[in-house]
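One structure is given below, encoded as structure tokens.
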Amino acid sequence: MSEAGKTTGSGAAEAANAIGDAADKAGDTADRAADTAQDVADDASASKPFRIAARSGYVVNGVLHVLIGVIAIRISTGNGGTGQADQSGALRQIARAPGGVVILWLLVVGLAALGVWQIAHLVRSRGSQREHLWSHRFGDVSRAVVFFAIAVTAFTFARGSSTDSTKASKTLSARILQAPGGELLLIAVGLTVLGVGVYFVARGVSLKFRNDLSVPAMPMGAVVTVAGPVGYIAKGVALGVVGVLFVVAAWTFDPQKATGLDGALLTLAHLRFGRVILLAVGIGVIVYGLYLGARARWGKLD
């Protein structure tokens, strides 16, 4: 081999070694960062005030669901059903009540803490068999996003402003439809929400929700075991209708058909026997809210 060839080969080998060393250093840095994040998550999860705040998040989320269920029942019976049967409607009612602002700030803190706990739970699962179960990771992230979103909405009302989730859903769907490939993206959004609804129903039917609890002794244990399936199935049906409406909006290219939970429940009310179905769903959502209260008390925060 010529001297030029040897020089070129030597330079290429040195470059490859340098790249390998840089990759090793980057991997070590990433591992240290991950270890640090896990240590922080472990410390936070072991903190008693943090755990109390996270449990309070289940309580306030339960209160919201009870209010949503009550509004849905009023709509189904025609008894003053003018409010929105979703988080925005429930938060608006709280804001109008005496001392409502204080309750709203408690909602912000509790739901934000619950969102942080979900992220900490995701980080702490690193290195266990759970990290290979992407469904668990997706569940942790999606729940954290939902909790943070409701906390932001509660923060908006606490500051004296307001929001309309139905209008927001229609605006979002309109923007998605205007984008290239927007129909497919909106269908994907709808199918994702529908999938979450199916997950809720399956979790209720299979009784897997009990894995999240230290089920108390009888008779309260029986109450929780009954409330779980009823609540999960009702919440799943409501979310499933939301997902279907997003798919219909994409299929018909009509963003007005894409709505949030409030619009989904109103859609149920306009079906044949819809008011009976809506009444059942409203009762089920209330039961789900009560179940969340039980989860605040007996839920596992490991």
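Just so we're on the same page: first chain in the structure tokens is A, next is B, and so on; residues restart at 1 for each chain, and ligands are numbered from 1 in the order they show up.
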| field | Nearby residues (only C-alpha atoms) at most 9 Å from stretch 56-70 of chain A, same-chain spacing under 5 positions excluded, as a ChimeraX atom specification | value | /A:51,75,84-87,89-91,93,103,106-115,147,150,262,279,281-297
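Nearest-residue note for A:Thr156: choosing from A:Ala227, A:Ala54, A:Val101, A:Ala179, the minimum distance belongs to A:Val101, counting only C-alpha atoms.
Minimum distance to A:Leu301 across A:Leu194, A:Leu213, A:Ala264, A:Ala238 (counting only C-alpha atoms) occurs at A:Leu213.
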| request: Identify all residues of stretch 140-287 of chain A in helix (DSSP H, G or I) (DSSP on the backbone) and supply them as a ChimeraX atom specification. | output: /A:140-158,165-178,182-206,208-212,220-252,255-257,261-269,274-287
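For the atom pair formed by atom CA of A:Tyr199 and atom CA of A:Gly236, the distance is 7.1 Å, given to one decimal.
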| request: Just the residues within 12 Å of A:Ile277, please, counting only C-alpha atoms, with nothing from its chain fewer than 4 positions along; format it as a ChimeraX atom specification. | output: /A:72-73,75-77,234,237-238,265-273,281-284
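Restricting the calculation to only C-alpha atoms, the smallest distance between A:Trp117 and any of A:Phe148, A:Trp251, A:Phe157, A:Trp105 is found for A:Phe148.
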| field | A:Val196 surroundings by only C-alpha atoms, 10 Å radius, close-in-sequence under 5 positions cut, as a PyMOL selection string | value | chain A and resi 139+142+190-191+201-202+235-237+239-240+243
Just C-alpha atoms for this one: save the residues we selected as a PDB file, in the first residue's frame.
```
ATOM      1  CA  GLY A 139     -50.967   5.696  29.431  1.00  0.00           C
ATOM      2  CA  SER A 142     -51.590  10.713  28.137  1.00  0.00           C
ATOM      3  CA  GLY A 190     -60.619  10.589  16.473  1.00  0.00           C
ATOM      4  CA  LEU A 191     -59.437   6.985  16.433  1.00  0.00           C
ATOM      5  CA  VAL A 201     -64.618   0.192  28.840  1.00  0.00           C
ATOM      6  CA  ALA A 202     -62.214  -2.758  28.731  1.00  0.00           C
ATOM      7  CA  LYS A 235     -66.579   7.364  30.850  1.00  0.00           C
ATOM      8  CA  GLY A 236     -65.493   5.083  28.010  1.00  0.00           C
ATOM      9  CA  VAL A 237     -68.819   5.429  26.209  1.00  0.00           C
ATOM     10  CA  LEU A 239     -65.082   9.332  25.133  1.00  0.00           C
ATOM     11  CA  GLY A 240     -65.961   6.871  22.383  1.00  0.00           C
ATOM     12  CA  GLY A 243     -63.793  10.021  18.991  1.00  0.00           C
TER      13      GLY A 243
END
```
